[in-house]
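Worksheet: one structure, shown below.
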Amino acid sequence: MVITRLWRTFLTGARASLVMESVDFSLPRLFGTKLPRFILQPLFFVILAYVAGGPELARFALIGNAMGNAAIHSLVNLGASIEIEKWAGTFPLLMAVPANWLPLMIGRAAAGYLESLISVFVTFAVLTPFMAGADLPFDRLLLAMPVMMLTTASLAGMGWLLGSLTLPTRVGLLASNMVAYAMFVVCGLNFPLDAMPPFLQAIGRALPLTHGLMAIREVIDGASYLQVAPLVGLEIAIGLVYAAVAWLVFRKRLNDTRRTGNMELV
Amino acid sequence: MKFKSALRALLGSFREQAISRATDNFFIGTLFIQPVLFTLLSVGIYRYGGKPDLSLYAVIGAGMIGIWNNNLWTSGSIVQDERRGGTLELLVAAPTSLEIVLLGKSLSNAVASILALAITFATGLLAYRLPLDIEQPLAFAGAVLLTLVAMTMLGLLLGSLFVLARAAGQLATVLNYPIFILSGLTFPLTVLPLWIRPLSYSLVSTWGNLALARAAGAVAQSSLWVTYLALAGLSVLYFILGHYLYRLIERIVRERGGLDQW
C-alpha cells in the first residue's frame with residue numbers, strides 16, 4: 001500500500017518533469033541549441049587533446065567529455081529541478097501536500113536524467129565516426145552503457161546536493177556550472193587522474209564520475225563487468241553519499257522554512 | 001560642447017555598467033572562475049600530451065575564451081536588460097543618443113573582460129609554475145588595446161543583434177564553442193580544415209588571440225602588423241554593422257511605438 005503510494009508519487013513527479021521537458025525539446029530548440037551544445041563542447045576538447053597528444057589522447061578525451069556532458073546536464077538540470085520549485089512558486093505547495101516529497105523529487109529529476117543520457121549518446125553517435133582508428137567499437141560502447149547510466153545516476157546526487165545547498169541563494173545555476181567545469185579538471189576527463197597533483201587527485205576521487213569513468217574506459221577497452229565491479233561499486237557508494245547529504249540538506253531547508261514561515265524568501 | 005556632453009554620457013554609462021556588473025553573479029563566475037578552470041584544463045592537457053611548449057599559447061587562448069565569454073554575455077544583454085528594467089524607453093527618449101550609452105557600456109565590459117587574461121596568466125604561473133615571459137611587452141600592450149577596441153565594437157554589434165533576434169540569447173549559449181574552435185583558442189588554427197579558415201579570419205577573437213600570442217612569443221608565424229591591421233579593420237566593420245543595426249532598431253521601435261513589445 002505504502003509502496004504503491006510512493007510509486008504513484010514518483011510517477012506524478014516524473015510525468016510533470018517529462019511534460020516540462022517536452023516543451024524544451026521543440027524541434028527548433030533541439031536542433032538550434034541542445035544538439036549543438038551536446039556535440040560542440042566535446043569536439044573542442046577532443047581537438048585540443050588531438051593537438052596535444054594525438055589520436056590516443058583524443059580518444060581518451062572523447063570518452064571523458066561524453067561523460068562530461070552527462071555531468072553538466074546532471075548537475076545543472078537536477079540542481080535546477082529543486083530550484084525550479086522556488087521560481088515556479090510550487091515550493092510552498094510541495095511543503096503543504098501530505099505526499100512524501102522524496103519520490104516526487106526523484107520523479108521530477110527524470111527528465112534531467114534522460115537528457116543527460118541523451119547527451120552522452122549523441123556525443124558518441126556523432127563524434128565516434130570521425131575518430132578513424134580510435135578503437136571505439138560499437139559493441140563495447142553498448143556494453144559500457146549500463147555503467148554510463150549508473151554513473152549518470154550517481155551524478156544526480158551531486159546535482160541534488162548543489163540544488164539544496166543553493167536553494168536560498170540566487171547562484172544555483174552558476175554554482176552547478178562551475179562545479180561541473182571543475183569536475184572536468186579533477187575527474188580525469190581529459191587526461192588521467194594520476195597526471196595531476198596529489199591534492200587534486202584526492203578531490204577527484206571524492207567526487208562522483210571519477211570511478212565510474214574509469215570503469216567505462218575499462219569496459220570499452222575490453223574489461224568484463226566483474227573486473228570493473230569495485231570501481232562501479234565505489235561510484236554508486238559515492239553517489240549515494242551525495243544523495244543522502246542532499247536529502248538531509250533539503251529536509252533542513254524545508255523544516256527551516258516551515259519554522260520561520262518565510263516561504264517567499266527561500 | 002556636444003563632444004563634452006557625449007563624453008560625459010559615455011563615462012556615465014561606463015560607470016553604471018561597471019556597478020551593475022559587479023553585482024552580477026554570472027559575470028563574476030565567467031570572469032574569475034572559468035578562466036582558471038580553462039587554464040588548468042588546457043595547459044594540463046598539453047603537459048600530459050608532451051607538448052609543454054604550447055602552454056603559453058594555451059594560457060593566452062584561455063584568456064581569450066574568458067574575454068569572449070564576458071563580452072558575449074554582458075554586452076549581448078545590455079539592451080535586453082534595459083528593456084526588462086523598463087529604462088529603455090527613457091534612454092531612447094533622452095536627448096543623448098542611446099548609441100553613446102551602448103558604446104560606453106560595451107567599453108566597460110571589454111575593459112573588465114581583459115582581467116580574464118591576467119587571471120589565466122596568474123593561474124599558469126601559480127598552478128604550473130610556467131615561465132610566462134612576454135617577448136615584446138609593448139607589442140603585447142598594443143595587442144591588448146586593439147583587442148579591447150574590437151571587443152567594444154563587437155559588444156555594440158551584439159547588443160543590437162540580440163534585440164533584433166529574440167532567439168539570439170539562446171543562440172549565444174551555443175555560439176561559445178564554435179567560436180573557440182573557429183578562433184583556434186588554445187590550439188593552432190592549422191589543425192582546422194582549409195575551407196573553414198576564412199570563417200576563422202572573420203572573427204575578432206582569432207586575430208586578438210594571434211596578436212597576443214605573436215607578441216608574447218607563443219607563435220612564430222603570422223606578422224604582428226597583419227594581426228593589428230585585421231583587428232583595426234574588423235573593429236571598423238563591427239562598428240559600421242552595429243551602427244546600422246542600431247539605426248534599424250531605433251526606426252522600427254519609433255514606428256511601432258512599443259519598445260516593451262520586443
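Following the order of the C-alpha cells, chains are lettered A, B, ..., residues in each are numbered from 1, and ligands are numbered from 1.
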Exercise: stretch 92-103 of chain B partners within 10 Å, only C-alpha atoms, chain neighbours under 2 positions left out, as number ranges by chain: B: 2, 5-14, 16-17, 75, 78-79, 87-90, 105-109, 152-153, 155-157, 159-160, 239, 242-243, 246-247, 250, 253-254, 259
Selection above as a file: C-alpha atoms, as a PDB file, in the first residue's frame:
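So the final result, stored in selection.pdb, reads:
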```pdb
ATOM      1  CA  LYS B   2      28.442  68.458 -27.865  1.00  0.00           C
ATOM      2  CA  SER B   5      28.290  66.005 -23.175  1.00  0.00           C
ATOM      3  CA  ALA B   6      28.734  62.866 -25.300  1.00  0.00           C
ATOM      4  CA  LEU B   7      31.903  62.045 -23.369  1.00  0.00           C
ATOM      5  CA  ARG B   8      30.053  62.582 -20.082  1.00  0.00           C
ATOM      6  CA  ALA B   9      27.280  60.220 -21.197  1.00  0.00           C
ATOM      7  CA  LEU B  10      29.891  57.689 -22.310  1.00  0.00           C
ATOM      8  CA  LEU B  11      31.673  57.795 -18.951  1.00  0.00           C
ATOM      9  CA  GLY B  12      28.389  57.710 -17.041  1.00  0.00           C
ATOM     10  CA  SER B  13      27.181  54.605 -18.859  1.00  0.00           C
ATOM     11  CA  PHE B  14      30.656  53.046 -18.457  1.00  0.00           C
ATOM     12  CA  GLU B  16      26.812  52.370 -14.434  1.00  0.00           C
ATOM     13  CA  GLN B  17      27.601  49.183 -16.339  1.00  0.00           C
ATOM     14  CA  SER B  75      27.301  43.116 -23.986  1.00  0.00           C
ATOM     15  CA  ILE B  78      22.775  45.358 -22.470  1.00  0.00           C
ATOM     16  CA  VAL B  79      19.657  46.365 -24.407  1.00  0.00           C
ATOM     17  CA  THR B  87      14.566  52.040 -18.743  1.00  0.00           C
ATOM     18  CA  LEU B  88      14.877  51.525 -22.495  1.00  0.00           C
ATOM     19  CA  GLU B  89      12.051  53.928 -23.336  1.00  0.00           C
ATOM     20  CA  LEU B  90      13.664  56.606 -21.192  1.00  0.00           C
ATOM     21  CA  LYS B 105      28.575  50.036 -21.627  1.00  0.00           C
ATOM     22  CA  SER B 106      30.298  47.844 -24.216  1.00  0.00           C
ATOM     23  CA  LEU B 107      33.605  49.548 -23.478  1.00  0.00           C
ATOM     24  CA  SER B 108      33.082  48.931 -19.780  1.00  0.00           C
ATOM     25  CA  ASN B 109      32.506  45.229 -20.430  1.00  0.00           C
ATOM     26  CA  THR B 152      33.860  47.014 -27.636  1.00  0.00           C
ATOM     27  CA  MET B 153      32.667  47.221 -31.235  1.00  0.00           C
ATOM     28  CA  GLY B 155      29.628  44.407 -27.960  1.00  0.00           C
ATOM     29  CA  LEU B 156      27.874  47.217 -29.793  1.00  0.00           C
ATOM     30  CA  LEU B 157      27.006  44.827 -32.596  1.00  0.00           C
ATOM     31  CA  GLY B 159      23.767  44.392 -28.153  1.00  0.00           C
ATOM     32  CA  SER B 160      21.779  45.410 -31.227  1.00  0.00           C
ATOM     33  CA  PHE B 239      31.158  49.461 -35.729  1.00  0.00           C
ATOM     34  CA  GLY B 242      26.451  47.822 -35.139  1.00  0.00           C
ATOM     35  CA  HIS B 243      25.623  51.385 -36.102  1.00  0.00           C
ATOM     36  CA  TYR B 246      21.130  50.320 -34.031  1.00  0.00           C
ATOM     37  CA  ARG B 247      19.559  52.726 -36.558  1.00  0.00           C
ATOM     38  CA  GLU B 250      15.573  52.823 -33.474  1.00  0.00           C
ATOM     39  CA  VAL B 253      10.670  50.941 -32.368  1.00  0.00           C
ATOM     40  CA  ARG B 254       9.721  54.530 -33.186  1.00  0.00           C
ATOM     41  CA  LEU B 259       9.675  49.133 -27.076  1.00  0.00           C
TER      42      LEU B 259
END
```
Taking only C-alpha atoms into account, find every residue of chain B that has an atom no more than 6 Å from chain A, and write it out as a PyMOL selection string. chain B and resi 41+46+49+174+177+181+187
Computed interatomic separation between atom CA of A:Met149 and atom CA of A:Gly222 (Å):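 Those two atoms sit 18.2 Å apart.
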May I have the residues within 9 Å of stretch 136-148 of chain A as a list of chain:residue names, using only C-alpha atoms and disregarding those fewer than 6 positions away in the same chain?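 Returned residues: A:Arg59, A:Met67, A:Ala70, A:Leu117, A:Val120, A:Phe121, A:Phe124, A:Thr128, A:Gly212, A:Leu213, A:Ala215, A:Ile216, A:Arg217, A:Glu218, A:Val219, A:Ile220, A:Asp221, A:Gly222, A:Tyr225, A:Val232.
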Quick one: write out the picked residues with N, CA and C atoms as a PDB file, in the first residue's frame?
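Wrote again-v8.pdb, looks like this:
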```
ATOM      1  N   ARG A  59      40.991  10.134 -28.195  1.00  0.00           N
ATOM      2  CA  ARG A  59      40.033   9.077 -27.832  1.00  0.00           C
ATOM      3  C   ARG A  59      39.707   9.163 -26.343  1.00  0.00           C
ATOM      4  N   MET A  67      31.021  11.827 -21.077  1.00  0.00           N
ATOM      5  CA  MET A  67      30.520  11.750 -19.705  1.00  0.00           C
ATOM      6  C   MET A  67      30.526  13.129 -19.035  1.00  0.00           C
ATOM      7  N   ALA A  70      27.284  14.491 -19.500  1.00  0.00           N
ATOM      8  CA  ALA A  70      26.346  13.967 -18.501  1.00  0.00           C
ATOM      9  C   ALA A  70      26.495  14.736 -17.193  1.00  0.00           C
ATOM     10  N   LEU A 117      21.565  11.390 -20.349  1.00  0.00           N
ATOM     11  CA  LEU A 117      21.888  10.176 -21.103  1.00  0.00           C
ATOM     12  C   LEU A 117      21.862  10.433 -22.603  1.00  0.00           C
ATOM     13  N   VAL A 120      25.035  12.027 -23.746  1.00  0.00           N
ATOM     14  CA  VAL A 120      26.145  11.064 -23.871  1.00  0.00           C
ATOM     15  C   VAL A 120      26.016  10.292 -25.177  1.00  0.00           C
ATOM     16  N   PHE A 121      24.796   9.829 -25.428  1.00  0.00           N
ATOM     17  CA  PHE A 121      24.539   9.032 -26.628  1.00  0.00           C
ATOM     18  C   PHE A 121      24.858   9.846 -27.891  1.00  0.00           C
ATOM     19  N   PHE A 124      28.669  10.331 -28.544  1.00  0.00           N
ATOM     20  CA  PHE A 124      29.312   9.145 -29.135  1.00  0.00           C
ATOM     21  C   PHE A 124      28.839   8.925 -30.565  1.00  0.00           C
ATOM     22  N   THR A 128      32.126   9.691 -32.792  1.00  0.00           N
ATOM     23  CA  THR A 128      32.900   8.448 -32.979  1.00  0.00           C
ATOM     24  C   THR A 128      33.236   8.180 -34.457  1.00  0.00           C
ATOM     25  N   GLY A 212      33.399   5.961 -11.914  1.00  0.00           N
ATOM     26  CA  GLY A 212      32.511   5.477 -12.970  1.00  0.00           C
ATOM     27  C   GLY A 212      33.170   5.627 -14.332  1.00  0.00           C
ATOM     28  N   LEU A 213      33.845   6.752 -14.535  1.00  0.00           N
ATOM     29  CA  LEU A 213      34.511   7.000 -15.816  1.00  0.00           C
ATOM     30  C   LEU A 213      35.658   6.011 -16.029  1.00  0.00           C
ATOM     31  N   ALA A 215      35.734   3.028 -14.884  1.00  0.00           N
ATOM     32  CA  ALA A 215      35.094   1.751 -15.210  1.00  0.00           C
ATOM     33  C   ALA A 215      34.628   1.751 -16.673  1.00  0.00           C
ATOM     34  N   ILE A 216      34.058   2.865 -17.109  1.00  0.00           N
ATOM     35  CA  ILE A 216      33.593   2.969 -18.504  1.00  0.00           C
ATOM     36  C   ILE A 216      34.761   2.767 -19.470  1.00  0.00           C
ATOM     37  N   ARG A 217      35.873   3.427 -19.174  1.00  0.00           N
ATOM     38  CA  ARG A 217      37.056   3.289 -20.045  1.00  0.00           C
ATOM     39  C   ARG A 217      37.515   1.822 -20.095  1.00  0.00           C
ATOM     40  N   GLU A 218      37.503   1.176 -18.919  1.00  0.00           N
ATOM     41  CA  GLU A 218      37.978  -0.218 -18.876  1.00  0.00           C
ATOM     42  C   GLU A 218      37.047  -1.135 -19.659  1.00  0.00           C
ATOM     43  N   VAL A 219      35.722  -0.910 -19.518  1.00  0.00           N
ATOM     44  CA  VAL A 219      34.772  -1.757 -20.250  1.00  0.00           C
ATOM     45  C   VAL A 219      34.961  -1.555 -21.754  1.00  0.00           C
ATOM     46  N   ILE A 220      35.129  -0.305 -22.175  1.00  0.00           N
ATOM     47  CA  ILE A 220      35.342  -0.046 -23.617  1.00  0.00           C
ATOM     48  C   ILE A 220      36.639  -0.712 -24.090  1.00  0.00           C
ATOM     49  N   ASP A 221      37.627  -0.769 -23.185  1.00  0.00           N
ATOM     50  CA  ASP A 221      38.904  -1.394 -23.546  1.00  0.00           C
ATOM     51  C   ASP A 221      38.861  -2.917 -23.471  1.00  0.00           C
ATOM     52  N   GLY A 222      37.715  -3.473 -23.042  1.00  0.00           N
ATOM     53  CA  GLY A 222      37.597  -4.934 -23.075  1.00  0.00           C
ATOM     54  C   GLY A 222      37.411  -5.610 -21.729  1.00  0.00           C
ATOM     55  N   TYR A 225      32.343  -6.926 -16.706  1.00  0.00           N
ATOM     56  CA  TYR A 225      31.643  -6.229 -15.612  1.00  0.00           C
ATOM     57  C   TYR A 225      32.244  -6.607 -14.256  1.00  0.00           C
ATOM     58  N   VAL A 232      32.707   0.392 -10.049  1.00  0.00           N
ATOM     59  CA  VAL A 232      31.276   0.749 -10.154  1.00  0.00           C
ATOM     60  C   VAL A 232      30.668   0.839  -8.749  1.00  0.00           C
TER      61      VAL A 232
END
```
Give me the residues within 12 Å of A:Leu11 as a count of residues only, counting only C-alpha atoms and dropping any in the same chain fewer than 3 places off. 21
Report, in Å to a single decimal, how far apart atom CA of A:Leu155 and atom CA of A:Ala243 are. 9.0 Å
